[in-house]
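J.: Supplied structure: final.cif, mmCIF, C-alpha atoms.
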```cif
data_my_file
#
loop_
_atom_site.label_atom_id
_atom_site.label_comp_id
_atom_site.auth_asym_id
_atom_site.auth_seq_id
_atom_site.Cartn_x
_atom_site.Cartn_y
_atom_site.Cartn_z
CA MET A 1 0.00 0.00 0.00
CA SER A 2 1.38 3.41 -0.94
CA ALA A 3 2.10 6.12 1.61
CA ALA A 4 -0.66 8.28 0.11
CA ALA A 5 -3.21 5.47 0.51
CA GLU A 6 -2.17 4.90 4.12
CA GLN A 7 -2.60 8.59 4.93
CA ALA A 8 -6.06 8.57 3.36
CA ASN A 9 -7.22 6.08 6.04
CA PHE A 10 -6.69 8.57 8.84
CA PRO A 11 -8.39 11.92 9.50
CA THR A 12 -6.33 15.07 9.23
CA MET A 13 -5.80 17.15 12.34
CA ILE A 14 -5.47 20.88 11.79
CA ILE A 15 -4.19 23.10 14.60
CA PRO A 16 -5.18 26.68 13.72
CA ARG A 17 -2.73 29.53 14.14
CA GLY A 18 -2.98 30.99 17.62
CA THR A 19 -3.93 27.70 19.31
CA GLU A 20 -2.30 26.98 22.67
CA ILE A 21 -1.96 23.40 23.97
CA ARG A 22 -0.48 22.74 27.40
CA VAL A 23 -0.30 19.94 29.99
CA ASN A 24 -0.33 20.80 33.70
CA HIS A 25 1.49 18.97 36.51
CA GLN A 26 -1.51 16.66 36.98
CA GLY A 27 -1.36 15.52 33.37
CA GLN A 28 -4.52 17.41 32.40
CA LEU A 29 -4.62 18.92 28.93
CA SER A 30 -5.46 22.60 28.32
CA ILE A 31 -6.59 23.76 24.88
CA LYS A 32 -7.18 27.37 23.86
CA THR A 33 -8.10 28.07 20.26
CA PRO A 34 -9.48 31.16 18.48
CA GLY A 35 -12.16 29.30 16.50
CA ASN A 36 -14.64 26.43 16.83
CA LEU A 37 -13.54 23.31 18.70
CA VAL A 38 -15.06 19.84 18.27
CA ILE A 39 -14.11 17.16 20.81
CA GLN A 40 -14.43 13.63 19.44
CA ASN A 41 -12.30 11.76 22.01
CA SER A 42 -13.01 11.30 25.71
CA GLY A 43 -10.48 12.91 28.03
CA ASN A 44 -9.63 14.72 31.24
CA TYR A 45 -8.87 18.41 30.73
CA SER A 46 -7.84 21.37 32.82
CA GLU A 47 -9.18 24.16 30.59
CA ILE A 48 -10.95 24.13 27.23
CA GLU A 49 -11.46 27.50 25.56
CA SER A 50 -12.71 28.75 22.22
CA THR A 51 -12.02 32.48 22.26
CA ASN A 52 -14.38 33.51 19.47
CA GLY A 53 -16.21 30.34 18.41
CA SER A 54 -18.17 27.43 19.85
CA ILE A 55 -17.30 24.14 21.54
CA ARG A 56 -19.02 20.86 20.73
CA ILE A 57 -18.71 17.61 22.69
CA GLU A 58 -19.88 14.86 20.38
CA GLU A 59 -22.08 11.86 21.11
CA ASN A 60 -20.56 8.98 23.13
CA VAL A 61 -17.71 11.24 24.26
CA THR A 62 -17.05 11.78 27.98
CA VAL A 63 -15.20 14.95 28.95
CA GLU A 64 -14.06 16.04 32.39
CA ALA A 65 -12.78 19.60 32.70
CA VAL A 66 -12.12 22.18 35.36
CA SER A 67 -13.18 25.06 33.13
CA ILE A 68 -14.84 25.38 29.71
CA ARG A 69 -15.11 28.80 28.02
CA ALA A 70 -16.72 29.51 24.65
CA GLY A 71 -17.07 32.86 22.95
CA GLN A 72 -20.36 31.68 21.45
CA ALA A 73 -22.03 28.39 22.40
CA CYS A 74 -21.20 25.11 24.13
CA PHE A 75 -23.03 22.16 22.53
CA ILE A 76 -23.13 18.91 24.51
CA GLN A 77 -24.13 15.65 22.85
CA GLY A 78 -22.14 13.28 25.07
CA THR A 79 -21.30 13.58 28.79
CA LEU A 80 -19.60 16.54 30.44
CA THR A 81 -18.41 16.96 34.01
CA ALA A 82 -17.06 20.45 34.73
CA TRP A 83 -16.58 22.87 37.58
CA LYS A 84 -17.43 25.91 35.44
CA VAL A 85 -18.86 26.43 31.95
CA HIS A 86 -19.01 29.95 30.50
CA ALA A 87 -20.71 30.57 27.15
CA LYS A 88 -23.39 32.77 25.63
CA ARG A 89 -25.48 29.64 25.13
CA ILE A 90 -25.27 26.15 26.61
CA THR A 91 -27.19 23.49 24.70
CA LEU A 92 -27.78 19.92 25.87
CA GLU A 93 -28.88 17.82 22.92
CA ASP A 94 -30.65 14.43 22.90
CA ARG A 95 -29.43 12.07 25.66
CA ALA A 96 -26.69 14.50 26.73
CA ARG A 97 -25.60 14.42 30.36
CA ALA A 98 -23.95 17.37 32.07
CA PHE A 99 -22.65 17.72 35.61
CA ILE A 100 -21.86 21.43 35.89
CA MET A 101 -21.28 23.10 39.23
CA LEU A 102 -21.18 26.70 37.96
CA GLN A 103 -22.77 27.70 34.67
CA GLU A 104 -22.44 31.23 33.33
CA SER A 105 -24.63 31.65 30.27
CA GLU A 106 -27.24 33.99 28.88
CA GLN A 107 -29.27 31.09 27.52
CA LEU A 108 -29.66 27.43 28.54
CA GLU A 109 -31.34 24.94 26.17
CA MET A 110 -32.14 21.33 27.02
CA SER A 111 -33.81 18.59 25.05
CA LYS A 112 -36.40 16.46 26.88
CA SER A 113 -34.06 13.48 27.09
CA ALA A 114 -31.05 15.47 28.35
CA ARG A 115 -30.01 15.67 31.99
CA LEU A 116 -28.34 18.52 33.85
CA VAL A 117 -26.98 18.28 37.41
CA GLY A 118 -25.62 21.28 39.32
CA ASN A 119 -26.26 24.52 37.47
CA PHE A 120 -25.40 27.09 40.13
CA ALA A 121 -25.27 30.66 38.79
CA ASN A 122 -22.24 31.70 40.85
CA GLU A 123 -19.92 30.59 43.64
CA LYS A 124 -21.96 32.46 46.26
CA GLU A 125 -25.00 30.25 45.53
CA LEU A 126 -22.82 27.14 45.66
CA PHE A 127 -21.16 28.06 48.97
CA PHE A 128 -24.54 28.96 50.45
CA MET A 129 -25.90 25.51 49.57
CA MET A 130 -22.79 23.69 50.79
CA GLY A 131 -22.88 25.61 54.05
CA LYS A 132 -26.55 24.78 54.54
CA PHE A 133 -25.93 21.05 54.11
CA SER A 134 -22.38 20.77 55.45
CA PRO A 135 -23.25 17.91 57.86
CA GLN A 136 -24.63 15.87 54.95
CA LEU A 137 -21.55 16.59 52.83
CA LYS A 138 -19.33 15.12 55.54
CA GLU A 139 -21.19 11.81 55.20
CA LEU A 140 -20.37 11.46 51.50
CA PRO A 141 -17.61 9.04 50.43
CA GLY A 142 -14.30 10.55 49.37
CA SER A 143 -14.73 9.62 45.72
CA MET A 144 -17.56 8.42 43.54
CA ASP A 145 -17.98 7.83 39.82
CA VAL A 146 -20.93 10.01 38.81
CA HIS A 147 -21.19 8.22 35.47
CA ALA A 148 -21.60 4.74 36.94
CA PRO A 149 -24.95 3.39 38.19
CA GLN A 150 -25.28 3.74 41.95
CA GLN A 151 -25.30 0.52 43.94
CA VAL A 152 -27.39 0.32 47.09
CA GLU A 153 -25.62 -1.41 49.95
CA SER A 154 -27.45 -3.12 52.79
CA SER A 155 -27.08 -1.95 56.37
CA THR A 156 -25.21 -5.15 57.18
CA THR A 157 -22.35 -4.30 54.79
CA ARG A 158 -22.07 -0.56 55.42
CA SER A 159 -22.89 1.49 58.49
CA ILE A 160 -23.98 5.07 57.98
CA PRO A 161 -21.69 7.43 59.92
CA GLN A 162 -23.45 9.34 62.67
CA LEU A 163 -22.31 12.80 63.77
CA THR A 164 -21.99 13.28 67.52
CA PRO A 165 -23.55 16.36 69.15
CA ASP A 166 -20.06 17.82 69.67
CA ALA A 167 -19.22 17.31 65.99
CA VAL A 168 -22.44 19.03 64.92
CA ALA A 169 -21.71 21.94 67.25
CA SER A 170 -18.17 22.32 65.92
CA GLU A 171 -19.55 22.29 62.39
CA HIS A 172 -21.79 25.26 63.22
CA LEU A 173 -18.71 27.22 64.31
CA ARG A 174 -16.72 26.26 61.20
CA SER A 175 -19.62 27.14 58.92
CA ALA A 176 -20.14 30.52 60.59
CA GLN A 177 -16.44 31.32 60.30
CA SER A 178 -16.34 30.29 56.63
CA LEU A 179 -19.37 32.41 55.77
CA LEU A 180 -17.97 35.45 57.59
CA GLU A 181 -14.61 35.11 55.84
CA ARG A 182 -16.39 35.31 52.51
CA GLU A 183 -18.41 38.38 53.44
CA ILE A 184 -15.82 40.40 55.38
CA GLY A 185 -14.31 41.86 52.21
CA ARG A 186 -17.56 43.37 50.90
CA THR A 187 -17.15 46.99 49.90
CA ASP A 188 -20.76 47.95 50.72
CA LEU A 189 -20.33 47.41 54.46
CA ALA A 190 -20.25 50.55 56.59
CA PRO A 191 -17.09 50.98 58.71
CA ALA A 192 -18.95 50.14 61.93
CA GLU A 193 -20.49 47.04 60.33
CA ALA A 194 -17.18 45.82 58.97
CA GLU A 195 -15.42 46.39 62.31
CA ALA A 196 -18.09 44.48 64.25
CA LEU A 197 -17.88 41.51 61.88
CA ARG A 198 -14.08 41.63 61.89
CA GLU A 199 -13.97 41.47 65.68
CA LEU A 200 -16.36 38.51 65.65
CA LEU A 201 -14.32 36.73 63.01
CA TYR A 202 -11.10 37.16 65.00
CA ALA A 203 -12.77 35.60 68.04
CA LEU A 204 -14.01 32.67 65.94
CA ARG A 205 -10.56 32.08 64.47
CA GLU A 206 -9.05 32.01 67.97
CA ARG A 207 -11.93 29.82 69.21
CA ASN A 208 -12.52 32.31 72.00
CA LEU A 209 -16.05 31.03 72.54
CA ALA A 210 -16.77 33.20 75.56
CA ARG A 211 -15.97 36.26 73.48
CA VAL A 212 -17.98 35.01 70.48
CA GLY A 213 -21.01 34.32 72.68
CA SER A 214 -20.91 37.80 74.18
CA ILE A 215 -20.57 39.81 70.96
CA TYR A 216 -22.14 37.94 68.02
CA ARG A 217 -25.68 39.25 68.50
CA ASP A 218 -24.47 42.84 68.87
CA ALA A 219 -22.27 42.40 65.78
CA PHE A 220 -25.17 41.28 63.63
CA SER A 221 -27.47 43.96 65.06
CA GLU A 222 -25.05 46.54 63.57
CA LEU A 223 -25.95 45.36 60.05
CA SER A 224 -28.51 47.56 58.32
CA ALA A 225 -29.14 45.11 55.45
CA PRO A 226 -27.53 41.71 56.16
CA SER A 227 -27.06 39.46 53.16
CA ALA A 228 -28.44 35.92 53.01
CA THR A 229 -24.93 34.62 53.70
CA LEU A 230 -24.57 36.72 56.86
CA LYS A 231 -28.03 35.67 58.03
CA GLN A 232 -26.94 32.08 57.62
CA ALA A 233 -23.77 32.71 59.65
CA PHE A 234 -25.94 34.19 62.43
CA GLU A 235 -28.20 31.10 62.35
CA HIS A 236 -25.18 28.80 62.75
CA LEU A 237 -24.06 30.75 65.82
CA GLU A 238 -27.57 30.77 67.26
CA ARG A 239 -27.76 27.00 66.92
CA TYR A 240 -24.38 26.60 68.61
CA PHE A 241 -25.09 28.83 71.61
CA GLN A 242 -28.72 27.71 72.07
CA ARG A 243 -27.88 24.03 72.49
#
```
Write out the structure in this file as structure tokens.
T.:
Amino acid sequence: MSAAAEQANFPTMIIPRGTEIRVNHQGQLSIKTPGNLVIQNSGNYSEIESTNGSIRIEENVTVEAVSIRAGQACFIQGTLTAWKVHAKRITLEDRARAFIMLQESEQLEMSKSARLVGNFANEKELFFMMGKFSPQLKELPGSMDVHAPQQVESSTTRSIPQLTPDAVASEHLRSAQSLLEREIGRTDLAPAEAEALRELLYALRERNLARVGSIYRDAFSELSAPSATLKQAFEHLERYFQR
């Protein structure tokens, strides 16, 4: 068989000018290209970006990525697992499956047979939900294949971990501290509000519980318009000190 005939049996790969391809220390591939990008092979990626065009994940292809960015649209025919997807339009076609924690899009289209899990609009929504169900998150196994069918185990083969009252109480403190750390940098807080929250946060970090118990209600009473996140932090402290 001639060399020309052998080459005709394989598709041609074209890497457009301006494309960047890198591999990080974890062995994940990053692709940044100016035009449209079609993914026909399953793989584990760090970042996938089409600066000006669209990204398509074809049928029977499984892609895992930390971040996907498309200047236009992201079309999903296969399966996608991603922390963040940013595109003007995200389209899930027939039988597509997407596990997206954060989706930033102006338009989301789904066929009736497609499935979308996640779909938080921003990290604030995600952290709010995780904080609300932090005890349940601690009960999850360390790793799980989201693409594989779940197997139900009997109570004789696996015991469900139970949180002790002390563990639940400590979780309220950790959750309150985490929520305050996210909100303390807000620029719309008045100086007195920011100072009150900062003093409370310092006491939480030092685990000076006597100090926290004596000031947290006064700190929150300083807030003229507390956000949902700050209200949740207050609720965690209330539950801790009202045990």
J.: To one decimal in Å, tell me the separation between atom CA of A:Ile68 and atom CA of A:Ile48.
T.: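 Atom-to-atom, atom CA of A:Ile68 to atom CA of A:Ile48, that is 4.8 Å.
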J.: Which residues are near A:Ala219? Cut-off 10 Å, only C-alpha atoms, ignore same chain within fewer than 4 positions. Put them as a PyMOL selection string.
T.: chain A and resi 192-200+212+214-215+223+234
J.: Write out the residues from the selection above, keeping C-alpha atoms, as an mmCIF file, in the frame of the given file.
T.:
```cif
data_model
loop_
_atom_site.group_PDB
_atom_site.id
_atom_site.type_symbol
_atom_site.label_atom_id
_atom_site.label_comp_id
_atom_site.auth_asym_id
_atom_site.auth_seq_id
_atom_site.Cartn_x
_atom_site.Cartn_y
_atom_site.Cartn_z
ATOM 1 C CA ALA A 192 -18.950 50.140 61.930
ATOM 2 C CA GLU A 193 -20.490 47.040 60.330
ATOM 3 C CA ALA A 194 -17.180 45.820 58.970
ATOM 4 C CA GLU A 195 -15.420 46.390 62.310
ATOM 5 C CA ALA A 196 -18.090 44.480 64.250
ATOM 6 C CA LEU A 197 -17.880 41.510 61.880
ATOM 7 C CA ARG A 198 -14.080 41.630 61.890
ATOM 8 C CA GLU A 199 -13.970 41.470 65.680
ATOM 9 C CA LEU A 200 -16.360 38.510 65.650
ATOM 10 C CA VAL A 212 -17.980 35.010 70.480
ATOM 11 C CA SER A 214 -20.910 37.800 74.180
ATOM 12 C CA ILE A 215 -20.570 39.810 70.960
ATOM 13 C CA LEU A 223 -25.950 45.360 60.050
ATOM 14 C CA PHE A 234 -25.940 34.190 62.430
#
```
J.: List the neighbours of A:Arg56 out to 9 Å using only C-alpha atoms; skip same-chain residues closer than 2 positions along the sequence, and give me the result as a VMD selection string.
T.: chain A and resid 36 to 40 54 58 73 to 77
J.: Using the chain letters and numbering of this document, enumerate as a list in words the residues selected by the PyMOL selection byres ((chain A and resi 96-103) around 6).
T.: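 That selection, the PyMOL selection byres ((chain A and resi 96-103) around 6), comes back as Gln77, Gly78, Thr79, Leu80, Thr81, Ala82, Trp83, Lys84, Val85, Leu92, Glu93, Asp94, Arg95, Glu104, Ala114, Arg115, Leu116, Val117, Gly118, Asn119, Phe120, Ala121 and Asn122 of chain A.
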J.: Which of these, A:Gly71, A:Gly18, A:Pro226, A:Gly27, has the shortest distance to A:His86 once you count only C-alpha atoms?
T.: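 So, comparing all the options, the nearest one is A:Gly71.
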J.: For the provided coordinates, the residues matched by the PyMOL selection byres ((chain A and resi 34) around 7) should be stated as a list in words.
T.: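 Checking the PyMOL selection byres ((chain A and resi 34) around 7) against this file, the residues are Gly18, Thr19, Lys32, Thr33, Gly35, Ser50, Thr51, Asn52 and Gly53 of chain A.
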J.: Store the residues picked out above in a file with C-alpha atoms, as a PDB file, keeping the file's coordinate frame.
T.:
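The result, stored in result23.pdb:
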```pdb
ATOM      1  CA  GLY A  18      -2.980  30.990  17.620  1.00  0.00           C
ATOM      2  CA  THR A  19      -3.930  27.700  19.310  1.00  0.00           C
ATOM      3  CA  LYS A  32      -7.180  27.370  23.860  1.00  0.00           C
ATOM      4  CA  THR A  33      -8.100  28.070  20.260  1.00  0.00           C
ATOM      5  CA  GLY A  35     -12.160  29.300  16.500  1.00  0.00           C
ATOM      6  CA  SER A  50     -12.710  28.750  22.220  1.00  0.00           C
ATOM      7  CA  THR A  51     -12.020  32.480  22.260  1.00  0.00           C
ATOM      8  CA  ASN A  52     -14.380  33.510  19.470  1.00  0.00           C
ATOM      9  CA  GLY A  53     -16.210  30.340  18.410  1.00  0.00           C
TER      10      GLY A  53
END
```
J.: With only C-alpha atoms as the counted atoms, please give the residues lying no more than 9 Å from A:Glu47, apart from itself and same-chain residues fewer than 2 positions off, as a PyMOL selection string.
T.: chain A and resi 28-32+45+49+65-69
J.: Print the selection's residues with C-alpha atoms to a file, as an mmCIF file, in the frame of the given file.
T.:
```cif
data_model
loop_
_atom_site.group_PDB
_atom_site.id
_atom_site.type_symbol
_atom_site.label_atom_id
_atom_site.label_comp_id
_atom_site.auth_asym_id
_atom_site.auth_seq_id
_atom_site.Cartn_x
_atom_site.Cartn_y
_atom_site.Cartn_z
ATOM 1 C CA GLN A 28 -4.520 17.410 32.400
ATOM 2 C CA LEU A 29 -4.620 18.920 28.930
ATOM 3 C CA SER A 30 -5.460 22.600 28.320
ATOM 4 C CA ILE A 31 -6.590 23.760 24.880
ATOM 5 C CA LYS A 32 -7.180 27.370 23.860
ATOM 6 C CA TYR A 45 -8.870 18.410 30.730
ATOM 7 C CA GLU A 49 -11.460 27.500 25.560
ATOM 8 C CA ALA A 65 -12.780 19.600 32.700
ATOM 9 C CA VAL A 66 -12.120 22.180 35.360
ATOM 10 C CA SER A 67 -13.180 25.060 33.130
ATOM 11 C CA ILE A 68 -14.840 25.380 29.710
ATOM 12 C CA ARG A 69 -15.110 28.800 28.020
#
```
J.: Suppose a student applies the PyMOL selection byres ((chain A and resi 89) around 8) to this structure; what residues should they get, written as an MDAnalysis selection string?
T.: chainID A and resid 72:74 87:88 90:91 105:109
J.: What is the distance, in Å and to one decimal place, between atom CA of A:Ala210 and atom CA of A:Phe127?
T.: 27.4 Å
J.: Quick one, how far is atom CA of A:Asn41 from atom CA of A:Lys112?
T.: 25.0 Å
J.: Pick the closest to A:Ile21 from A:Phe128, A:Arg207, A:Ser46, A:Phe241: which is it, counting all atoms listed in the file?
T.: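 Among A:Phe128, A:Arg207, A:Ser46, A:Phe241, it is A:Ser46 that comes nearest to A:Ile21.
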J.: Name the closest residue to A:Asn24 among the candidates A:Arg205, A:Ala225, A:Asn44, A:Pro191; distances are taken between atoms, counting only C-alpha atoms.
T.: A:Asn44
